[in-house]
There are 2 protein chains.
Amino acid sequence: MSTHRRDQDRPRPADDAVVDTGKLGAMLFHALRRAHGGVMNGLHAAFADEDIRALPFAVMVVLSRNPGLRQTQVGFALDIQRTNLVPLIDALEKRGLAERRAVPGDRRARGVFLTRLGAETLARLEARAVAHEEKLAARLGADGRGQLLALLHRLSDPAFDPDAG
Amino acid sequence: MSTHRRDQDRPRPADDAVVDTGKLGAMLFHALRRAHGGVMNGLHAAFADEDIRALPFAVMVVLSRNPGLRQTQVGFALDIQRTNLVPLIDALEKRGLAERRAVPGDRRARGVFLTRLGAETLARLEARAVAHEEKLAARLGADGRGQLLALLHRLSDPAFDPDAG
DNA sequence: TATTGTTATACTCTATAACTATA
DNA sequence: TATAGTTATAGAGTATAACAATA
């Protein structure tokens with residue numbers, strides 16, 4: 001048995017007053033960083049049995065909806081650079097969850113497909129992801145979750161960029 | 001002159017239909033990842049002249065409001081582990097923006113202070129961060145920004161955890 | 001025994017540059 | 001000339017384990 005104790009398991013020292021975080025409380029970058037980290041941790045915990053993380057999961061979802069999609073297109077859909085997608089697909093291929101195939105008509109391109117195992121694994125992952133989303137909805141309320149999604153999309157979608165058209 | 005062209009500068013290929021991202025569009029982890037990435041990129045661009053990133057900036061804000069705070073407390077305030085805070089403070093110290101001092105009464109602890117240079121730098125950074133937030137508000141509308149902040153806090157704050165008391 | 005800071009280390013995610021083979 | 005995939009590499013950020021000094 002180990003005397004070890006993870007940093008995160010330590011109790012917040014209660015003897016001190018709450019720390020003043022100043023303007024950070026009203027800044028989106030900070031709220032986003034904390035929410036993003038927390039939600040990712042929760043999802044990764046939900047996926048622990050399957051030993052998969054959020055990003056490869058997102059890739060698998062796209063592949064299931066768009067069989068044979070080229071890597072570059074996967075990247076555009078998910079805001080992942082081509083170059084960073086390579087090791088992601090490599091890992092999925094190595095685990096037998098996806099495979100690259102030649103694209104007829106363009107010998108440069110590689111179409112990516114989920115394997116049968118990949119589709120089966122994805123089904124389990126999606127169930128867990130949905131359950132995780134429901135936990136979040138319990139925090140936010142059903143309306144809150146929808147509002148949050150809409151606001152986040154507005155923040156990411158280039159169509160809402162005031163600098164653009 | 002370089003023939004180089006960054007991956008991100010490439011135009012989205014318009015010949016193809018928009019990729020179907022399936023359930024991802026309704027999943028918070030995915031919306032958070034994209035919004036977080038985009039907002040961080042924007043803030044880092046706004047900070048480029050000062051060569052500082054969001055996380056050390058957040059540390060500096062906390063130090064300015066809580067001079068002499070112990071590292072562990074800084075970590076609790078920002079959801080950063082003690083162990084990961086060490087190189088962050090190291091870097092601030094190396095640049096002369098912050099310094100560690102002995103804490104009277106507890107020889108284990110180190111109180112962290114902004115230097116004069118740190119405070120001056122922080123003032124410029126805060127102005128840029130505020131300007132960046134205003135850009136985001138222009139996207140979301142003033143109400144939208146406030147709603148988004150509230151929802152994100154609700155997502156991060158343990159007080160809203162239904163599993164807790 | 002527990003806590004503060006630290007070192008060492010590993011993994012994930014993101015980023016830039018440049019190469020190859022095709023188009 | 002441009003594009004699709006790739007390799008190599010570097011830097012953030014986050015995570016675990018274990019240690020020394022001190023409480």
# chains A, B, ... in the order shown; residues from 1 in each chain; ligands from 1
>>> select_by_dssp(residues="chain A", states="alpha helix (DSSP H)", output="MDAnalysis selection string")
chainID A and resid 28:46 54:65 71:78 82:94 116:156
>>> interface_residues(of="chain C", to="chain B", cutoff="10 Å", atoms="only C-alpha atoms (C1' of nucleotides)", output="PyMOL selection string")
chain C and resi 3-7+14-18
>>> atom_distance(atom1="atom CA of A:Leu78", atom2="atom CA of B:Ala26")
13.8 Å
>>> closest_residue(among="B:Arg33, B:Val59, B:Asp20, B:Asp51", to="A:Leu149", atoms="only C-alpha atoms")
B:Arg33
>>> closest_residue(among="B:Gly105, B:Gly118, B:Pro56, B:Gly144", to="chain A", atoms="only C-alpha atoms")
B:Gly144
>>> closest_residue(among="B:Ile80, B:Leu148, B:Val18, B:Leu28", to="A:Glu134", atoms="only C-alpha atoms")
B:Leu28
>>> interface_residues(of="chain A", to="chain B", cutoff="6 Å", atoms="only C-alpha atoms", output="MDAnalysis selection string")
chainID A and resid 21 31:32 35:36 62 152 156
>>> write_last_selection(atoms="N, CA, C and O atoms", output="PDB file, in the first residue's frame")
ATOM      1  N   THR A  21      -9.940  36.867  -6.927  1.00  0.00           N
ATOM      2  CA  THR A  21      -9.401  36.683  -8.271  1.00  0.00           C
ATOM      3  C   THR A  21      -9.633  37.909  -9.165  1.00  0.00           C
ATOM      4  O   THR A  21      -9.384  37.831 -10.369  1.00  0.00           O
ATOM      5  N   ALA A  31     -13.156  31.830 -17.427  1.00  0.00           N
ATOM      6  CA  ALA A  31     -14.325  30.971 -17.221  1.00  0.00           C
ATOM      7  C   ALA A  31     -14.304  29.800 -18.199  1.00  0.00           C
ATOM      8  O   ALA A  31     -14.668  28.674 -17.843  1.00  0.00           O
ATOM      9  N   LEU A  32     -13.867  30.061 -19.421  1.00  0.00           N
ATOM     10  CA  LEU A  32     -13.808  28.995 -20.421  1.00  0.00           C
ATOM     11  C   LEU A  32     -12.727  27.972 -20.061  1.00  0.00           C
ATOM     12  O   LEU A  32     -12.930  26.765 -20.221  1.00  0.00           O
ATOM     13  N   ALA A  35     -14.142  25.845 -17.142  1.00  0.00           N
ATOM     14  CA  ALA A  35     -15.251  24.983 -17.562  1.00  0.00           C
ATOM     15  C   ALA A  35     -14.753  23.895 -18.514  1.00  0.00           C
ATOM     16  O   ALA A  35     -15.119  22.723 -18.389  1.00  0.00           O
ATOM     17  N   HIS A  36     -13.915  24.286 -19.431  1.00  0.00           N
ATOM     18  CA  HIS A  36     -13.368  23.328 -20.387  1.00  0.00           C
ATOM     19  C   HIS A  36     -12.601  22.222 -19.664  1.00  0.00           C
ATOM     20  O   HIS A  36     -12.825  21.030 -19.909  1.00  0.00           O
ATOM     21  N   VAL A  62     -17.277  11.972 -36.331  1.00  0.00           N
ATOM     22  CA  VAL A  62     -17.281  12.530 -37.694  1.00  0.00           C
ATOM     23  C   VAL A  62     -17.147  11.414 -38.724  1.00  0.00           C
ATOM     24  O   VAL A  62     -17.825  11.422 -39.761  1.00  0.00           O
ATOM     25  N   LEU A 152     -21.917  29.419 -27.027  1.00  0.00           N
ATOM     26  CA  LEU A 152     -20.586  28.926 -27.397  1.00  0.00           C
ATOM     27  C   LEU A 152     -20.445  28.844 -28.914  1.00  0.00           C
ATOM     28  O   LEU A 152     -19.396  29.177 -29.472  1.00  0.00           O
ATOM     29  N   SER A 156     -17.748  30.699 -31.509  1.00  0.00           N
ATOM     30  CA  SER A 156     -16.819  29.977 -32.394  1.00  0.00           C
ATOM     31  C   SER A 156     -17.120  30.183 -33.860  1.00  0.00           C
ATOM     32  O   SER A 156     -16.210  30.127 -34.689  1.00  0.00           O
TER      33      SER A 156
END
>>> atom_distance(atom1="atom CA of B:Glu50", atom2="atom CA of B:Arg124")
8.7 Å
